[in-house]
>>> print(open('model.cif').read())   # mmCIF, C-alpha atoms and all ligand atoms
data_my_file
#
loop_
_atom_site.label_atom_id
_atom_site.label_comp_id
_atom_site.auth_asym_id
_atom_site.auth_seq_id
_atom_site.Cartn_x
_atom_site.Cartn_y
_atom_site.Cartn_z
CA GLN A 1 129.19 40.88 -99.20
CA GLY A 2 128.98 40.79 -103.00
CA PHE A 3 130.15 44.34 -103.58
CA GLN A 4 130.80 45.34 -107.19
CA LEU A 5 132.37 48.56 -108.43
CA VAL A 6 131.01 50.07 -111.64
CA SER A 7 132.82 52.74 -113.66
CA GLY A 8 131.53 53.47 -117.16
CA ASP A 9 131.30 50.06 -118.84
CA LYS A 10 133.77 48.41 -116.42
CA ARG A 11 132.80 46.23 -113.47
CA LEU A 12 135.03 45.04 -110.64
CA ASP A 13 133.72 42.17 -108.52
CA LEU A 14 134.79 42.53 -104.89
CA SER A 15 133.56 39.13 -103.67
CA GLN A 16 137.24 38.19 -103.44
CA PRO A 17 140.12 40.40 -102.25
CA ARG A 18 141.60 42.64 -104.96
CA VAL A 19 145.09 44.08 -105.15
CA MET A 20 145.75 47.74 -106.03
CA GLY A 21 149.32 48.24 -107.23
CA ILE A 22 151.10 51.50 -106.34
CA LEU A 23 152.65 53.24 -109.35
CA ASN A 24 155.23 55.70 -108.06
CA VAL A 25 155.33 58.93 -110.03
CA THR A 26 157.19 60.99 -107.44
CA PRO A 27 159.27 63.91 -108.77
CA ASP A 28 162.55 61.99 -108.59
CA SER A 29 161.22 59.42 -111.07
CA PHE A 30 161.24 62.15 -113.72
CA SER A 31 164.17 63.92 -115.33
CA ASP A 32 163.07 67.51 -114.78
CA GLY A 33 159.83 68.28 -112.98
CA GLY A 34 157.78 66.10 -115.29
CA ARG A 35 157.25 68.33 -118.35
CA PHE A 36 159.84 66.65 -120.64
CA ALA A 37 159.68 63.65 -118.38
CA ASN A 38 161.18 60.30 -119.04
CA ILE A 39 158.09 58.29 -118.15
CA GLU A 40 159.67 55.09 -119.49
CA PRO A 41 160.54 53.63 -116.05
CA ALA A 42 157.04 54.31 -114.71
CA CYS A 43 155.50 52.68 -117.80
CA ARG A 44 157.67 49.58 -117.28
CA HIS A 45 156.62 49.54 -113.61
CA ALA A 46 152.94 49.73 -114.61
CA ASP A 47 153.43 46.79 -117.01
CA ALA A 48 155.00 44.75 -114.20
CA LEU A 49 152.18 45.54 -111.75
CA VAL A 50 149.63 44.31 -114.31
CA THR A 51 151.65 41.17 -115.08
CA GLU A 52 151.88 40.42 -111.35
CA GLY A 53 148.09 40.45 -111.06
CA ALA A 54 147.01 43.89 -109.88
CA SER A 55 143.30 44.59 -110.47
CA ILE A 56 143.83 48.35 -110.07
CA ILE A 57 146.86 50.58 -110.74
CA ASP A 58 147.00 53.58 -108.35
CA ILE A 59 148.65 56.61 -109.97
CA GLY A 60 149.50 59.54 -107.68
CA GLY A 61 151.59 62.63 -108.32
CA GLU A 62 151.60 64.24 -104.87
CA SER A 63 153.66 62.79 -102.05
CA THR A 64 151.63 62.92 -98.85
CA ARG A 65 154.84 62.59 -96.86
CA PRO A 66 154.54 64.53 -93.60
CA GLY A 67 156.21 67.87 -94.30
CA ALA A 68 156.01 67.48 -98.07
CA ALA A 69 155.70 70.76 -99.96
CA GLU A 70 152.40 71.34 -101.75
CA VAL A 71 152.52 70.29 -105.41
CA SER A 72 151.01 72.68 -107.98
CA VAL A 73 148.10 71.50 -110.14
CA GLN A 74 150.20 71.71 -113.30
CA HIS A 75 153.07 69.72 -111.77
CA GLU A 76 150.67 67.02 -110.60
CA LEU A 77 149.01 66.89 -114.03
CA ASP A 78 152.40 66.68 -115.78
CA ARG A 79 153.25 63.58 -113.74
CA VAL A 80 149.89 61.83 -113.61
CA ILE A 81 148.17 62.31 -116.98
CA PRO A 82 150.88 60.79 -119.22
CA LEU A 83 150.80 57.64 -117.09
CA VAL A 84 147.01 57.38 -117.01
CA GLU A 85 147.12 57.67 -120.82
CA TYR A 86 149.81 54.98 -121.10
CA VAL A 87 148.08 52.45 -118.82
CA SER A 88 144.68 53.16 -120.41
CA ALA A 89 146.11 52.59 -123.91
CA HIS A 90 148.05 49.41 -123.09
CA HIS A 91 146.10 47.57 -120.41
CA ASP A 92 142.52 46.63 -119.49
CA VAL A 93 143.25 47.07 -115.76
CA TRP A 94 141.33 49.53 -113.56
CA ILE A 95 143.11 52.84 -113.04
CA SER A 96 142.74 54.90 -109.85
CA VAL A 97 144.05 58.43 -109.48
CA ASP A 98 145.50 59.29 -106.05
CA THR A 99 144.71 63.01 -105.84
CA SER A 100 142.80 65.62 -103.80
CA LYS A 101 142.66 68.23 -106.60
CA PRO A 102 139.41 68.45 -108.60
CA GLU A 103 141.27 69.49 -111.76
CA VAL A 104 143.45 66.38 -111.57
CA MET A 105 140.37 64.21 -110.95
CA SER A 106 138.67 65.59 -114.07
CA GLU A 107 141.68 65.31 -116.37
CA ALA A 108 142.58 61.85 -115.08
CA VAL A 109 139.08 60.46 -115.66
CA ALA A 110 139.01 62.10 -119.11
CA ALA A 111 142.35 60.38 -119.81
CA GLY A 112 140.97 56.97 -118.75
CA ALA A 113 141.01 56.71 -114.93
CA HIS A 114 138.12 54.73 -113.40
CA LEU A 115 138.34 55.51 -109.67
CA ILE A 116 139.22 58.52 -107.51
CA ASN A 117 141.46 57.78 -104.52
CA ASP A 118 141.41 60.91 -102.34
CA VAL A 119 143.39 60.86 -99.09
CA ARG A 120 141.52 64.09 -98.19
CA ALA A 121 138.06 62.51 -98.71
CA LEU A 122 136.80 65.21 -101.15
CA GLN A 123 137.32 68.03 -98.59
CA GLU A 124 139.24 70.33 -100.97
CA PRO A 125 137.19 73.14 -102.58
CA GLY A 126 135.30 71.90 -105.63
CA ALA A 127 136.14 68.23 -105.09
CA LEU A 128 132.61 67.11 -104.13
CA THR A 129 131.05 68.84 -107.16
CA VAL A 130 133.60 67.40 -109.58
CA ALA A 131 133.36 63.88 -108.12
CA ALA A 132 129.56 64.00 -108.46
CA LYS A 133 129.85 65.12 -112.09
CA LEU A 134 132.42 62.43 -112.95
CA ASN A 135 130.19 59.68 -111.49
CA VAL A 136 133.02 57.21 -110.81
CA PRO A 137 133.78 55.28 -107.60
CA VAL A 138 135.51 57.38 -104.92
CA CYS A 139 137.59 56.21 -101.97
CA LEU A 140 137.10 58.40 -98.87
CA MET A 141 140.15 58.06 -96.63
CA HIS A 142 140.40 59.18 -92.99
CA MET A 143 143.27 61.50 -92.01
CA GLN A 144 143.53 63.35 -88.70
CA GLY A 145 144.94 66.81 -89.47
CA GLN A 146 147.12 67.59 -92.52
CA PRO A 147 150.17 65.70 -93.83
CA ARG A 148 152.55 68.40 -92.57
CA THR A 149 151.41 68.13 -88.93
CA MET A 150 149.33 64.94 -88.65
CA GLN A 151 152.00 62.99 -86.76
CA ASP A 152 152.78 65.71 -84.21
CA ALA A 153 150.25 64.59 -81.59
CA PRO A 154 147.57 62.19 -82.84
CA LEU A 155 144.72 61.94 -80.32
CA TYR A 156 141.49 59.90 -80.32
CA HIS A 157 138.66 59.42 -77.84
CA ASP A 158 137.91 56.00 -79.36
CA ILE A 159 139.65 55.47 -82.67
CA ILE A 160 136.84 53.49 -84.34
CA ALA A 161 134.12 55.86 -83.09
CA ASP A 162 136.13 58.90 -84.17
CA ILE A 163 136.91 57.52 -87.65
CA SER A 164 133.27 56.37 -87.99
CA GLY A 165 132.07 59.87 -87.15
CA PHE A 166 134.33 61.23 -89.87
CA PHE A 167 132.98 58.70 -92.38
CA GLU A 168 129.35 59.56 -91.41
CA GLU A 169 130.02 63.25 -92.06
CA ARG A 170 131.82 62.64 -95.38
CA ILE A 171 129.20 60.18 -96.62
CA GLN A 172 126.44 62.72 -95.85
CA ALA A 173 128.39 65.41 -97.70
CA CYS A 174 128.81 63.10 -100.71
CA LEU A 175 125.11 62.17 -100.81
CA ALA A 176 124.14 65.86 -100.48
CA ALA A 177 126.42 66.64 -103.45
CA GLY A 178 124.61 64.03 -105.54
CA ILE A 179 127.20 61.26 -105.34
CA ASP A 180 125.62 57.80 -105.42
CA ARG A 181 126.27 55.75 -102.26
CA ASP A 182 127.15 52.80 -104.52
CA ASN A 183 130.15 54.83 -105.71
CA LEU A 184 131.68 55.14 -102.23
CA LEU A 185 134.56 53.19 -100.69
CA LEU A 186 135.98 53.77 -97.19
CA ASP A 187 139.60 53.71 -96.00
CA PRO A 188 140.68 54.29 -92.35
CA GLY A 189 144.00 55.77 -93.49
CA TYR A 190 146.66 53.78 -91.63
CA GLY A 191 149.51 56.10 -90.74
CA PHE A 192 147.61 59.32 -91.42
CA GLY A 193 147.48 61.00 -88.01
CA LYS A 194 147.84 57.83 -85.96
CA THR A 195 150.46 56.61 -83.46
CA LEU A 196 151.92 53.10 -83.66
CA SER A 197 149.42 51.98 -81.02
CA HIS A 198 146.51 53.65 -82.83
CA ASN A 199 147.44 51.85 -86.07
CA TYR A 200 147.49 48.40 -84.43
CA GLU A 201 144.28 49.05 -82.49
CA LEU A 202 142.74 50.01 -85.85
CA LEU A 203 143.98 46.77 -87.42
CA ASN A 204 142.64 44.78 -84.46
CA ARG A 205 139.19 46.44 -84.65
CA GLN A 206 138.97 47.15 -88.40
CA ALA A 207 136.02 44.78 -88.91
CA GLU A 208 133.83 47.22 -86.93
CA LEU A 209 133.97 49.48 -90.03
CA LYS A 210 131.97 46.88 -91.98
CA SER A 211 128.88 48.43 -90.34
CA PHE A 212 128.78 51.07 -93.11
CA GLY A 213 128.02 48.36 -95.69
CA LEU A 214 130.64 49.86 -98.04
CA PRO A 215 133.79 48.33 -99.57
CA LEU A 216 136.97 48.85 -97.52
CA LEU A 217 140.18 49.94 -99.27
CA ILE A 218 143.27 49.48 -97.09
CA GLY A 219 146.84 50.79 -97.39
CA LEU A 220 149.45 49.22 -95.08
CA SER A 221 152.27 48.38 -97.47
CA ARG A 222 155.77 49.24 -96.22
CA LYS A 223 154.31 51.84 -93.80
CA SER A 224 156.09 53.13 -90.70
CA MET A 225 153.68 51.12 -88.51
CA ILE A 226 155.62 48.13 -89.86
CA GLY A 227 159.02 49.79 -90.19
CA ASN A 228 159.06 51.21 -86.67
CA LEU A 229 157.87 47.92 -85.15
CA LEU A 230 160.52 45.86 -86.98
CA ASN A 231 163.12 48.62 -87.07
CA ALA A 232 163.37 47.88 -90.78
CA PRO A 233 164.02 50.14 -93.81
CA THR A 234 161.33 50.23 -96.53
CA ASP A 235 162.99 47.47 -98.59
CA GLU A 236 162.88 45.06 -95.61
CA ARG A 237 159.17 45.36 -94.80
CA LEU A 238 157.69 42.72 -97.12
CA ALA A 239 156.98 40.02 -94.49
CA GLY A 240 155.46 42.60 -92.17
CA SER A 241 153.38 44.08 -95.01
CA LEU A 242 152.04 40.67 -96.05
CA SER A 243 151.23 39.81 -92.41
CA ALA A 244 149.32 43.05 -91.96
CA ALA A 245 147.54 42.61 -95.30
CA LEU A 246 146.39 39.10 -94.34
CA LEU A 247 145.04 40.36 -91.00
CA SER A 248 143.34 43.25 -92.76
CA ILE A 249 141.60 40.96 -95.25
CA GLN A 250 140.46 38.75 -92.35
CA GLN A 251 139.13 42.00 -90.80
CA GLY A 252 137.04 42.86 -93.86
CA ALA A 253 139.34 44.55 -96.41
CA HIS A 254 138.18 44.26 -100.05
CA ILE A 255 141.02 46.12 -101.79
CA ILE A 256 144.63 46.12 -100.57
CA ARG A 257 146.91 48.92 -101.82
CA VAL A 258 150.44 47.54 -102.09
CA HIS A 259 153.91 47.98 -103.61
CA ASP A 260 154.58 44.23 -103.86
CA VAL A 261 151.74 42.80 -105.98
CA LYS A 262 152.97 39.26 -106.72
CA PRO A 263 153.81 38.42 -103.07
CA THR A 264 150.41 39.80 -102.01
CA MET A 265 148.65 37.74 -104.69
CA ASP A 266 150.50 34.65 -103.39
CA MET A 267 149.40 35.44 -99.82
CA ILE A 268 145.76 35.74 -100.96
CA LYS A 269 145.98 32.41 -102.80
CA VAL A 270 147.27 30.67 -99.65
CA MET A 271 144.56 32.32 -97.55
CA GLN A 272 141.83 31.25 -100.01
CA ALA A 273 143.15 27.68 -100.23
CA SER A 274 142.50 27.36 -96.50
CA THR A 275 138.79 27.91 -97.19
CA ASN A 276 138.28 26.26 -100.58
CA TYR A 277 140.35 23.16 -99.74
CA GLN A 278 137.69 20.81 -101.19
CA ALA A 279 138.47 22.21 -104.64
CA LEU A 280 142.20 21.44 -104.29
N1 LIG A 301 143.47 55.08 -100.18
C1 LIG A 301 144.73 55.23 -99.74
N2 LIG A 301 145.61 55.98 -100.44
C2 LIG A 301 146.86 56.11 -99.95
N3 LIG A 301 147.91 56.82 -100.43
C3 LIG A 301 148.90 56.65 -99.55
S1 LIG A 301 150.44 57.45 -99.72
C4 LIG A 301 151.34 56.79 -98.33
C5 LIG A 301 151.90 55.42 -98.61
O1 LIG A 301 152.58 54.94 -97.67
O2 LIG A 301 151.67 54.87 -99.68
C6 LIG A 301 152.45 57.73 -98.06
C7 LIG A 301 152.37 58.50 -96.90
C8 LIG A 301 153.39 59.39 -96.61
C9 LIG A 301 154.47 59.51 -97.49
C10 LIG A 301 154.52 58.73 -98.65
C11 LIG A 301 153.52 57.83 -98.93
N4 LIG A 301 148.57 55.85 -98.52
C12 LIG A 301 147.26 55.51 -98.76
C13 LIG A 301 146.32 54.72 -98.03
O3 LIG A 301 146.59 54.16 -96.94
N5 LIG A 301 145.06 54.62 -98.56
#
>>> encode(input="model.cif", output="structure tokens", more="lines below")
Ligand SMILES: Nc1nc2[nH]c(S[C@@H](C(=O)O)c3ccccc3)nc2c(=O)[nH]1
Amino acid sequence: QGFQLVSGDKRLDLSQPRVMGILNVTPDSFSDGGRFANIEPACRHADALVTEGASIIDIGGESTRPGAAEVSVQHELDRVIPLVEYVSAHHDVWISVDTSKPEVMSEAVAAGAHLINDVRALQEPGALTVAAKLNVPVCLMHMQGQPRTMQDAPLYHDIIADISGFFEERIQACLAAGIDRDNLLLDPGYGFGKTLSHNYELLNRQAELKSFGLPLLIGLSRKSMIGNLLNAPTDERLAGSLSAALLSIQQGAHIIRVHDVKPTMDMIKVMQASTNYQAL
């Protein structure tokens, strides 16, 4: 479909697959907790992601690693806001903020972010109200349980039906809060409360999620569903990540959230050449 995202005076055409580049702002990329942070490396990384062709830069300050300690609002702000400000000042690229905290959503949009990427699908207190007020596109991601315990015993009756039921409920909650349906994106949350088998069934059946008539945002890059299958450390998962990304686009993905932007852009070009061969 000809989906288009609108945020303020920016438009993002989704008639072709778009790449969202992951900008890591984890605590260890700062000198001391982020207050007097050396954000230089993260700024250089952002520049590279834009140069490689990312349409969106995803900036997140909270690791959703299973077992990760909760990050305070101030700590998350200290990491995220300086980078939103840098990217907004130096590039025309879309900026998404990967957060579940309403305060971080507000400050990030005020600092120049265009899209909210919430792995908790606006379920935190106050998140729905703030997202409605900000009136920017929001990605609703599925997660079974919480990061600390989600991988203990994932269980589904039918994984597509269960995730669809979750999306139905979250979409209704968003509409009731005054969020425009045109501002919603869906993400099945690969690796968030899913076994290896669940993740590959989801990839096999992902196209069934097109029934919502909403853009699909997908995150597969370097995930354990690739690492465990290949028995590969994170820096040896590129081929697997590109393979999964290609399958996901064939199964309806509009935005792919990745670490390796240039290789993913190359994959998309090869994929598109196989359909627009007359133009070659
Ligand atoms: N929308 C959307 N946002 C996301 N944020 C992430 S963090 C994840 C990772 O592997 O990047 C992760 C999980 C656990 C620990 C570290 C990093 N994953 C997604 C996704 O799949 N979709």
>>> residues_near_ligand(input="model.cif", ligand="ligand LIG 301 (chain A)", cutoff="7 Å", atoms="all atoms listed in the file", output="list of chain:residue names")
A:Ser63, A:Thr64, A:Arg65, A:Pro66, A:Asp98, A:Asn117, A:Asp118, A:Val119, A:Cys139, A:Met141, A:Asp187, A:Gly189, A:Tyr190, A:Leu217, A:Ile218, A:Gly219, A:Leu220, A:Ser221, A:Arg222, A:Lys223, A:Arg257
>>> residues_around(input="model.cif", residues="Leu83 (chain A)", least_positions_apart="6", cutoff="9 Å", atoms="all atoms listed in the file", output="tab-separated table (two decimals) with C-alpha atoms, in the coordinates of the input")
chain	number	residue	atom	x	y	z
A	25	VAL	CA	155.33	58.93	-110.03
A	39	ILE	CA	158.09	58.29	-118.15
A	42	ALA	CA	157.04	54.31	-114.71
A	43	CYS	CA	155.50	52.68	-117.80
A	46	ALA	CA	152.94	49.73	-114.61
A	59	ILE	CA	148.65	56.61	-109.97
>>> atom_distance(input="model.cif", atom1="CA of Asp235 (chain A)", atom2="CA of Ser248 (chain A)")
20.9 Å
>>> closest_residue(input="model.cif", among="A:Ala177, A:Ala89, A:Ala121, A:Ala131", to="Val104 (chain A)", atoms="all atoms listed in the file")
A:Ala131
>>> closest_residue(input="model.cif", among="A:Ser88, A:Gln272, A:Asn183, A:Thr129", to="Leu214 (chain A)", atoms="all atoms listed in the file")
A:Asn183
>>> closest_residue(input="model.cif", among="A:Ala153, A:Ile160, A:Ala232, A:Ala173", to="Lys210 (chain A)", atoms="all atoms listed in the file")
A:Ile160
>>> build_atoms(input="model.cif", residues="region 159-175 of chain A", atoms="N, CA, C and O atoms", output="CSV table (one decimal), in the coordinates of the input")
chain,number,residue,atom,x,y,z
A,159,ILE,N,139.2,55.3,-81.3
A,159,ILE,CA,139.6,55.5,-82.7
A,159,ILE,C,138.6,55.0,-83.7
A,159,ILE,O,138.4,55.7,-84.7
A,160,ILE,N,137.9,53.9,-83.4
A,160,ILE,CA,136.8,53.5,-84.3
A,160,ILE,C,135.7,54.5,-84.3
A,160,ILE,O,135.2,54.8,-85.4
A,161,ALA,N,135.2,54.9,-83.2
A,161,ALA,CA,134.1,55.9,-83.1
A,161,ALA,C,134.5,57.2,-83.8
A,161,ALA,O,133.7,57.7,-84.5
A,162,ASP,N,135.7,57.6,-83.6
A,162,ASP,CA,136.1,58.9,-84.2
A,162,ASP,C,136.2,58.8,-85.7
A,162,ASP,O,135.7,59.7,-86.4
A,163,ILE,N,136.8,57.7,-86.2
A,163,ILE,CA,136.9,57.5,-87.6
A,163,ILE,C,135.5,57.3,-88.2
A,163,ILE,O,135.2,57.9,-89.3
A,164,SER,N,134.7,56.6,-87.5
A,164,SER,CA,133.3,56.4,-88.0
A,164,SER,C,132.5,57.7,-88.1
A,164,SER,O,131.8,57.9,-89.1
A,165,GLY,N,132.7,58.6,-87.1
A,165,GLY,CA,132.1,59.9,-87.2
A,165,GLY,C,132.5,60.7,-88.4
A,165,GLY,O,131.7,61.3,-89.0
A,166,PHE,N,133.8,60.6,-88.7
A,166,PHE,CA,134.3,61.2,-89.9
A,166,PHE,C,133.7,60.7,-91.1
A,166,PHE,O,133.2,61.4,-92.0
A,167,PHE,N,133.6,59.3,-91.2
A,167,PHE,CA,133.0,58.7,-92.4
A,167,PHE,C,131.5,59.1,-92.5
A,167,PHE,O,131.0,59.5,-93.6
A,168,GLU,N,130.8,59.1,-91.4
A,168,GLU,CA,129.4,59.6,-91.4
A,168,GLU,C,129.2,60.9,-92.1
A,168,GLU,O,128.5,61.1,-93.0
A,169,GLU,N,130.1,61.9,-91.6
A,169,GLU,CA,130.0,63.2,-92.1
A,169,GLU,C,130.4,63.3,-93.5
A,169,GLU,O,129.7,64.0,-94.4
A,170,ARG,N,131.4,62.6,-94.0
A,170,ARG,CA,131.8,62.6,-95.4
A,170,ARG,C,130.8,62.0,-96.3
A,170,ARG,O,130.5,62.4,-97.4
A,171,ILE,N,130.2,60.9,-95.8
A,171,ILE,CA,129.2,60.2,-96.6
A,171,ILE,C,128.0,61.1,-96.8
A,171,ILE,O,127.5,61.3,-97.9
A,172,GLN,N,127.6,61.8,-95.7
A,172,GLN,CA,126.4,62.7,-95.8
A,172,GLN,C,126.8,63.8,-96.9
A,172,GLN,O,126.0,64.2,-97.7
A,173,ALA,N,128.0,64.3,-96.8
A,173,ALA,CA,128.4,65.4,-97.7
A,173,ALA,C,128.4,64.9,-99.1
A,173,ALA,O,127.9,65.6,-100.1
A,174,CYS,N,128.8,63.7,-99.3
A,174,CYS,CA,128.8,63.1,-100.7
A,174,CYS,C,127.4,62.9,-101.2
A,174,CYS,O,127.1,63.3,-102.3
A,175,LEU,N,126.5,62.4,-100.4
A,175,LEU,CA,125.1,62.2,-100.8
A,175,LEU,C,124.4,63.5,-101.1
A,175,LEU,O,123.7,63.7,-102.1
